Amino acid sequence: MQIQASDTLTHFQQGCPGTYFAAFETLFHQHQRAIYGWILRIVRDPAAAEDLTVETFMRIHDAHARFQPERGFEGWARRIATHAALDHLRRRRPQNELHADLPVPAGTDPAVCEEIRRKTALAFGRLPPKLRIAAVLAVVEERPHREVAEALGITVAAVKLRVFRALRLLRKDLESQGIRP
Amino acid sequence: MNEHDRDRMKMLLQQALPPVEGEPEPSRDLWPAVLRRIDSRPTAVPWFDWALLGGLVGLVALFPASIPVFLYYL
C-alpha cells in the first residue's frame, strides 16, 4: 500500500495493520545505511554491523508504539542502535586481533608501528564497553560530543568524563606493557 | 593527564583504529533479513495473560459456584 511520505512516521507510530509495514519498510530503506554506518563505527566489524542493523530494526519494530514522531526518527533509531551495539560489545570477549577489513592509516611505518598499533587496539578492546563506545565515537570518529551524548542517552559532561577515563585507562594499560604513549 | 598526553593518546588511538571513511553501505539489502526475523518469531503470550488465566482457573477451582457467573459474562 502506498502512503504519503509526510505520513510515514505517523503510520509507523500508530501501527495500523494496513499501513504499518509500508511505513516501516520506507523508514528502513531511508535509514538502513546511516544506522549501519553508525554501528560499524562502534563495533568495527562489517559482518557484526549488518547483524546489529537487523537487530536494531527489530527493536525499532517492537518499540514503534513508544516512538514520538515530533522528536524525529533518526536520533531515536541511532539511540536504539547504540544500545544494540553496546549489548554486542558486552557479550563479545575482548578482541585478539585487528580486524583485517578496516583500512590501515597511510603514512605510518609498518615495521615500527605495527606492534604498537596492535597493542593499542587490544588494550582498547579491554576497556569497559561504555567507555569504549564514548571514546571511539568522540575521539576516533571525532563526532560532536552532543551527538554522542544523545546516542548514549547521557549528558555531554558524562561523555567527556567517559572519554577522559577511557584514555587514562588505555594509557595505564599501555604503560604496563612497556609502551610510553 | 594533560592536553599533550590527551593529544598523543588520540593520535595513537586513531592510528590503531582508523576512522571509518565516508558513508559505508552494508554488503546487501538487509530488509529481507528483518522480515525473516519477524516471521520466524514465535508468538509469545505475555506473562500477564498467563497470570490472569491461572488466577481464573484457581478461582473457579475454589468457588465452583462462580462458573455460571463467568459463563453469563462471557
# chains A, B, ... in the order shown; residues from 1 in each chain; ligands from 1
$ closest_atom_pairs --of "chain A" --to "chain B" --cutoff "8 Å" --atoms "only C-alpha atoms" --output "Markdown table"
| residue | atom | partner | partner_atom | distance |
| --- | --- | --- | --- | --- |
| A:Glu25 | CA | B:Trp31 | CA | 7.5 |
| A:Phe28 | CA | B:Trp31 | CA | 7.3 |
| A:His29 | CA | B:Trp31 | CA | 7.8 |
| A:Gln32 | CA | B:Leu30 | CA | 7.9 |
| A:Arg33 | CA | B:Glu25 | CA | 5.5 |
| A:Ala34 | CA | B:Glu23 | CA | 7.3 |
| A:Tyr36 | CA | B:Pro26 | CA | 6.6 |
| A:Gly37 | CA | B:Pro24 | CA | 5.5 |
| A:Leu40 | CA | B:Val20 | CA | 7.9 |
| A:Arg41 | CA | B:Val20 | CA | 6.2 |
| A:Pro46 | CA | B:Pro26 | CA | 7.5 |
| A:Glu50 | CA | B:Pro26 | CA | 6.3 |
| A:Thr53 | CA | B:Leu30 | CA | 7.9 |
| A:Val54 | CA | B:Val34 | CA | 5.6 |
| A:Glu55 | CA | B:Val34 | CA | 7.9 |
| A:Phe57 | CA | B:Val34 | CA | 7.1 |
| A:Met58 | CA | B:Val34 | CA | 6.8 |
| A:Leu102 | CA | B:Pro18 | CA | 7.5 |
| A:Pro103 | CA | B:Pro18 | CA | 6.6 |
| A:Val104 | CA | B:Pro18 | CA | 6.6 |
| A:Pro105 | CA | B:Pro18 | CA | 6.0 |
| A:Ile116 | CA | B:Ala16 | CA | 7.8 |
| A:Arg117 | CA | B:Ala16 | CA | 4.4 |
| A:Arg118 | CA | B:Ala16 | CA | 6.7 |
| A:Thr120 | CA | B:Ala16 | CA | 6.1 |
| A:Ala121 | CA | B:Ala16 | CA | 5.5 |
| A:Val139 | CA | B:Lys10 | CA | 6.3 |
| A:Val140 | CA | B:Gln14 | CA | 5.3 |
| A:Glu141 | CA | B:Pro19 | CA | 5.2 |
| A:Leu167 | CA | B:Met9 | CA | 6.6 |
| A:Arg168 | CA | B:Met1 | CA | 7.1 |
| A:Arg171 | CA | B:Met9 | CA | 7.2 |
| A:Pro181 | CA | B:Arg8 | CA | 6.5 |
$ write_last_selection --atoms "C-alpha atoms" --output "PDB file, in the first residue's frame"
ATOM      1  CA  GLU A  25       9.838  -0.552   5.133  1.00  0.00           C
ATOM      2  CA  PHE A  28      14.094   1.049   6.945  1.00  0.00           C
ATOM      3  CA  HIS A  29      15.291   1.896   3.451  1.00  0.00           C
ATOM      4  CA  GLN A  32      19.448   1.465   6.823  1.00  0.00           C
ATOM      5  CA  ARG A  33      22.713   2.918   5.530  1.00  0.00           C
ATOM      6  CA  ALA A  34      23.061   5.561   8.249  1.00  0.00           C
ATOM      7  CA  TYR A  36      24.735   0.508   9.523  1.00  0.00           C
ATOM      8  CA  GLY A  37      27.463   3.174   9.287  1.00  0.00           C
ATOM      9  CA  LEU A  40      30.140  -0.065  12.068  1.00  0.00           C
ATOM     10  CA  ARG A  41      31.908   2.892  13.651  1.00  0.00           C
ATOM     11  CA  PRO A  46      31.169  -5.245   8.914  1.00  0.00           C
ATOM     12  CA  GLU A  50      24.981  -5.971   9.456  1.00  0.00           C
ATOM     13  CA  THR A  53      21.461  -3.324  11.936  1.00  0.00           C
ATOM     14  CA  VAL A  54      18.852  -6.074  11.606  1.00  0.00           C
ATOM     15  CA  GLU A  55      18.682  -6.351  15.410  1.00  0.00           C
ATOM     16  CA  PHE A  57      15.304  -2.576  13.298  1.00  0.00           C
ATOM     17  CA  MET A  58      13.758  -5.487  15.203  1.00  0.00           C
ATOM     18  CA  LEU A 102      39.324  -1.931   8.074  1.00  0.00           C
ATOM     19  CA  PRO A 103      41.946   0.309   6.425  1.00  0.00           C
ATOM     20  CA  VAL A 104      45.467   0.809   7.750  1.00  0.00           C
ATOM     21  CA  PRO A 105      46.267   4.518   8.059  1.00  0.00           C
ATOM     22  CA  ILE A 116      52.211  -0.543  18.932  1.00  0.00           C
ATOM     23  CA  ARG A 117      49.061  -0.398  16.820  1.00  0.00           C
ATOM     24  CA  ARG A 118      48.240  -3.984  17.667  1.00  0.00           C
ATOM     25  CA  THR A 120      46.830  -0.255  21.407  1.00  0.00           C
ATOM     26  CA  ALA A 121      43.898  -1.903  19.638  1.00  0.00           C
ATOM     27  CA  VAL A 139      37.983  10.515  19.741  1.00  0.00           C
ATOM     28  CA  VAL A 140      38.436   8.134  16.808  1.00  0.00           C
ATOM     29  CA  GLU A 141      35.445   9.200  14.726  1.00  0.00           C
ATOM     30  CA  LEU A 167      42.106   7.483  27.614  1.00  0.00           C
ATOM     31  CA  ARG A 168      43.516   7.294  31.133  1.00  0.00           C
ATOM     32  CA  ARG A 171      47.389   4.852  28.840  1.00  0.00           C
ATOM     33  CA  PRO A 181      52.499   6.956  24.767  1.00  0.00           C
TER      34      PRO A 181
END
$ select_by_dssp --residues "chain B" --states "alpha helix (DSSP H)" --output "ChimeraX atom specification"
/B:3-16,31-40,47-62,67-73
$ residues_around --residues "Ile39 in chain A" --least-positions-apart "3" --cutoff "10 Å" --atoms "only C-alpha atoms" --output "ChimeraX atom specification"
/A:33-36,42-46,48-53,56,78,81-86
$ residues_around --residues "Lys160 in chain A" --least-positions-apart "4" --cutoff "8 Å" --atoms "only C-alpha atoms" --output "MDAnalysis selection string"
chainID A and resid 145 156 164
$ write_last_selection --atoms "N, CA and C atoms" --output "short mmCIF file (atom, residue, chain, number, x, y, z; two decimals), in the first residue's frame"
data_model
loop_
_atom_site.label_atom_id
_atom_site.label_comp_id
_atom_site.auth_asym_id
_atom_site.auth_seq_id
_atom_site.Cartn_x
_atom_site.Cartn_y
_atom_site.Cartn_z
N HIS A 145 30.39 15.91 20.67
CA HIS A 145 30.02 15.35 21.97
C HIS A 145 28.50 15.30 22.17
N VAL A 156 26.41 15.68 27.99
CA VAL A 156 27.70 15.97 27.34
C VAL A 156 28.84 15.85 28.36
N PHE A 164 37.62 10.79 28.99
CA PHE A 164 38.80 11.00 29.84
C PHE A 164 39.20 9.70 30.54
#
$ atom_distance --atom1 "CA of Ala158 in chain A" --atom2 "CA of Arg92 in chain A"
24.3 Å
$ residues_around --residues "Phe24 in chain A" --least-positions-apart "6" --cutoff "12 Å" --atoms "only C-alpha atoms" --output "list of chain:residue names"
A:Met1, A:Ile3, A:Ala5, A:Asp7, A:Thr8, A:Leu9, A:Thr10, A:His11, A:Phe12, A:Gln13, A:Gln14, A:Gly15, A:Cys16, A:Pro17, A:Gly18, A:Gln30, A:His31, A:Gln32, A:Phe57, A:Met58, A:Ile60, A:His61, A:Asp62, A:Ala63, A:His64, A:Phe73, B:Trp31, B:Val34, B:Leu35
$ write_last_selection --atoms "N, CA and C atoms" --output "mmCIF file, in the first residue's frame"
data_model
loop_
_atom_site.group_PDB
_atom_site.id
_atom_site.type_symbol
_atom_site.label_atom_id
_atom_site.label_comp_id
_atom_site.auth_asym_id
_atom_site.auth_seq_id
_atom_site.Cartn_x
_atom_site.Cartn_y
_atom_site.Cartn_z
ATOM 1 N N MET A 1 0.839 -1.201 0.000
ATOM 2 C CA MET A 1 0.000 0.000 0.000
ATOM 3 C C MET A 1 0.880 1.260 0.000
ATOM 4 N N ILE A 3 1.762 5.046 0.849
ATOM 5 C CA ILE A 3 1.373 6.061 1.832
ATOM 6 C C ILE A 3 2.159 7.336 1.560
ATOM 7 N N ALA A 5 4.580 10.365 1.995
ATOM 8 C CA ALA A 5 5.864 10.440 2.700
ATOM 9 C C ALA A 5 5.722 11.190 4.023
ATOM 10 N N ASP A 7 3.288 11.242 5.966
ATOM 11 C CA ASP A 7 2.542 10.482 6.969
ATOM 12 C C ASP A 7 3.287 9.247 7.460
ATOM 13 N N THR A 8 4.461 9.003 6.894
ATOM 14 C CA THR A 8 5.188 7.763 7.203
ATOM 15 C C THR A 8 5.381 7.575 8.703
ATOM 16 N N LEU A 9 5.852 8.625 9.366
ATOM 17 C CA LEU A 9 6.149 8.498 10.799
ATOM 18 C C LEU A 9 4.879 8.231 11.613
ATOM 19 N N THR A 10 3.788 8.891 11.224
ATOM 20 C CA THR A 10 2.530 8.694 11.951
ATOM 21 C C THR A 10 2.012 7.275 11.764
ATOM 22 N N HIS A 11 2.027 6.793 10.507
ATOM 23 C CA HIS A 11 1.567 5.425 10.243
ATOM 24 C C HIS A 11 2.430 4.413 10.990
ATOM 25 N N PHE A 12 3.738 4.695 11.031
ATOM 26 C CA PHE A 12 4.655 3.791 11.727
ATOM 27 C C PHE A 12 4.335 3.772 13.221
ATOM 28 N N GLN A 13 4.153 4.949 13.794
ATOM 29 C CA GLN A 13 3.923 5.041 15.240
ATOM 30 C C GLN A 13 2.584 4.423 15.638
ATOM 31 N N GLN A 14 1.566 4.650 14.808
ATOM 32 C CA GLN A 14 0.224 4.161 15.171
ATOM 33 C C GLN A 14 0.068 2.668 14.946
ATOM 34 N N GLY A 15 0.890 2.089 14.075
ATOM 35 C CA GLY A 15 0.876 0.640 13.875
ATOM 36 C C GLY A 15 -0.405 0.119 13.260
ATOM 37 N N CYS A 16 -1.071 0.918 12.414
ATOM 38 C CA CYS A 16 -2.302 0.449 11.759
ATOM 39 C C CYS A 16 -1.946 -0.732 10.848
ATOM 40 N N PRO A 17 -2.742 -1.827 10.929
ATOM 41 C CA PRO A 17 -2.398 -3.036 10.179
ATOM 42 C C PRO A 17 -2.192 -2.788 8.682
ATOM 43 N N GLY A 18 -3.001 -1.933 8.086
ATOM 44 C CA GLY A 18 -2.912 -1.732 6.644
ATOM 45 C C GLY A 18 -1.703 -0.947 6.184
ATOM 46 N N GLN A 30 15.159 4.214 4.166
ATOM 47 C CA GLN A 30 15.691 5.578 4.315
ATOM 48 C C GLN A 30 16.876 5.617 5.270
ATOM 49 N N HIS A 31 16.862 4.746 6.281
ATOM 50 C CA HIS A 31 17.838 4.872 7.367
ATOM 51 C C HIS A 31 18.802 3.700 7.500
ATOM 52 N N GLN A 32 18.603 2.658 6.704
ATOM 53 C CA GLN A 32 19.448 1.465 6.823
ATOM 54 C C GLN A 32 20.940 1.810 6.757
ATOM 55 N N PHE A 57 16.627 -2.778 13.887
ATOM 56 C CA PHE A 57 15.304 -2.576 13.298
ATOM 57 C C PHE A 57 14.260 -3.507 13.916
ATOM 58 N N MET A 58 14.700 -4.648 14.444
ATOM 59 C CA MET A 58 13.758 -5.487 15.203
ATOM 60 C C MET A 58 13.329 -4.763 16.480
ATOM 61 N N ILE A 60 13.348 -1.572 16.899
ATOM 62 C CA ILE A 60 12.524 -0.434 16.469
ATOM 63 C C ILE A 60 11.084 -0.903 16.206
ATOM 64 N N HIS A 61 10.988 -2.054 15.556
ATOM 65 C CA HIS A 61 9.659 -2.650 15.272
ATOM 66 C C HIS A 61 8.913 -2.917 16.589
ATOM 67 N N ASP A 62 9.628 -3.464 17.566
ATOM 68 C CA ASP A 62 8.992 -3.777 18.857
ATOM 69 C C ASP A 62 8.563 -2.510 19.611
ATOM 70 N N ALA A 63 9.320 -1.437 19.408
ATOM 71 C CA ALA A 63 9.099 -0.237 20.223
ATOM 72 C C ALA A 63 8.338 0.853 19.476
ATOM 73 N N HIS A 64 7.754 0.515 18.311
ATOM 74 C CA HIS A 64 7.165 1.572 17.469
ATOM 75 C C HIS A 64 6.094 2.388 18.195
ATOM 76 N N PHE A 73 12.959 10.566 13.689
ATOM 77 C CA PHE A 73 13.240 9.132 13.686
ATOM 78 C C PHE A 73 14.732 8.840 13.857
ATOM 79 N N TRP B 31 16.680 -5.705 4.402
ATOM 80 C CA TRP B 31 15.230 -5.782 4.651
ATOM 81 C C TRP B 31 14.727 -7.229 4.662
ATOM 82 N N VAL B 34 15.306 -8.707 7.993
ATOM 83 C CA VAL B 34 14.380 -8.198 9.020
ATOM 84 C C VAL B 34 13.044 -8.941 8.927
ATOM 85 N N LEU B 35 12.563 -9.102 7.691
ATOM 86 C CA LEU B 35 11.274 -9.812 7.508
ATOM 87 C C LEU B 35 11.371 -11.260 7.987
#
$ residues_around --residues "Lys119 in chain A" --least-positions-apart "2" --cutoff "10 Å" --atoms "only C-alpha atoms" --output "ChimeraX atom specification"
/A:96-98,113-117,121-125,173-174,177,179 /B:16
$ residues_around --residues "Glu147 in chain A" --least-positions-apart "4" --cutoff "10 Å" --atoms "only C-alpha atoms" --output "PyMOL selection string"
chain A and resi 75+78-79+137-138+143+151-153+156+159
$ write_last_selection --atoms "C-alpha atoms" --output "compact mmCIF listing (two decimals), in the first residue's frame"
# COMPACT_ATOMS: atom_id res chain seq x y z
CA GLY A 75 18.05 10.23 16.65
CA ARG A 78 20.54 5.85 16.47
CA ARG A 79 19.98 5.59 20.19
CA LEU A 137 32.80 7.94 18.68
CA ALA A 138 34.24 11.09 20.24
CA ARG A 143 31.73 13.00 16.32
CA ALA A 151 23.05 8.42 21.17
CA LEU A 152 24.07 7.16 24.61
CA GLY A 153 21.27 8.90 26.46
CA VAL A 156 27.70 15.97 27.34
CA VAL A 159 30.57 11.84 27.61
$ atom_distance --atom1 "CA of His88 in chain A" --atom2 "CA of Pro129 in chain A"
9.2 Å
$ atom_distance --atom1 "CA of Val163 in chain A" --atom2 "CA of Leu131 in chain A"
6.5 Å
$ closest_residue --among "A:Ala65, A:Arg132, A:Gly72, A:Arg180" --to "Tyr20 in chain A" --atoms "only C-alpha atoms"
A:Ala65
$ decode --residues "chain B" --atoms "C-alpha atoms" --output "compact mmCIF listing (two decimals), in the first residue's frame"
# COMPACT_ATOMS: atom_id res chain seq x y z
CA MET B 1 46.63 13.60 32.08
CA ASN B 2 47.35 16.94 30.42
CA GLU B 3 46.38 18.28 26.99
CA HIS B 4 49.57 16.99 25.38
CA ASP B 5 49.05 13.47 26.76
CA ARG B 6 45.47 13.52 25.52
CA ASP B 7 46.56 14.53 22.02
CA ARG B 8 49.19 11.77 22.00
CA MET B 9 46.64 9.18 23.10
CA LYS B 10 44.20 10.43 20.48
CA MET B 11 46.81 10.11 17.73
CA LEU B 12 47.80 6.64 18.90
CA LEU B 13 44.18 5.55 19.02
CA GLN B 14 43.46 6.90 15.54
CA GLN B 15 46.46 5.00 14.17
CA ALA B 16 45.38 1.79 15.86
CA LEU B 17 41.72 2.19 14.91
CA PRO B 18 41.49 4.25 11.73
CA PRO B 19 38.25 6.25 11.44
CA VAL B 20 35.62 4.78 9.12
CA GLU B 21 35.70 6.90 5.98
CA GLY B 22 32.59 8.20 4.22
CA GLU B 23 29.18 6.58 4.47
CA PRO B 24 29.71 2.81 4.29
CA GLU B 25 26.97 0.58 2.94
CA PRO B 26 26.01 -2.92 4.00
CA SER B 27 27.01 -5.61 1.53
CA ARG B 28 23.36 -6.45 0.82
CA ASP B 29 19.84 -5.15 1.38
CA LEU B 30 19.02 -6.15 4.95
CA TRP B 31 15.23 -5.78 4.65
CA PRO B 32 14.69 -9.49 3.77
CA ALA B 33 16.65 -10.43 6.91
CA VAL B 34 14.38 -8.20 9.02
CA LEU B 35 11.27 -9.81 7.51
CA ARG B 36 12.69 -13.30 8.14
CA ARG B 37 13.36 -12.39 11.78
CA ILE B 38 9.82 -11.09 12.20
CA ASP B 39 8.27 -14.17 10.55
CA SER B 40 10.38 -16.66 12.49
CA ARG B 41 9.48 -15.18 15.83
CA PRO B 42 7.28 -17.42 17.97
CA THR B 43 4.07 -15.76 19.06
CA ALA B 44 4.72 -15.01 22.70
CA VAL B 45 1.86 -14.86 25.17
CA PRO B 46 2.53 -12.07 27.69
CA TRP B 47 3.15 -13.25 31.26
CA PHE B 48 0.21 -11.17 32.46
CA ASP B 49 -2.18 -13.23 30.31
CA TRP B 50 -0.84 -16.44 31.84
CA ALA B 51 -1.22 -14.98 35.35
CA LEU B 52 -4.80 -13.91 34.60
CA LEU B 53 -5.67 -17.35 33.25
CA GLY B 54 -4.06 -19.03 36.28
CA GLY B 55 -5.98 -16.78 38.66
CA LEU B 56 -9.25 -17.51 36.88
CA VAL B 57 -8.70 -21.27 36.97
CA GLY B 58 -7.80 -21.05 40.68
CA LEU B 59 -10.91 -19.03 41.43
CA VAL B 60 -13.15 -21.49 39.60
CA ALA B 61 -11.50 -24.43 41.39
CA LEU B 62 -12.01 -22.81 44.81
CA PHE B 63 -15.51 -21.50 44.11
CA PRO B 64 -17.25 -23.75 41.57
CA ALA B 65 -20.48 -21.83 42.15
CA SER B 66 -18.91 -18.90 40.31
CA ILE B 67 -18.86 -20.81 36.99
CA PRO B 68 -22.40 -19.74 35.94
CA VAL B 69 -21.48 -16.12 36.75
CA PHE B 70 -18.43 -16.31 34.45
CA LEU B 71 -20.45 -18.03 31.74
CA TYR B 72 -23.07 -15.31 31.99
CA TYR B 73 -20.46 -12.60 31.41
CA LEU B 74 -18.67 -14.42 28.54
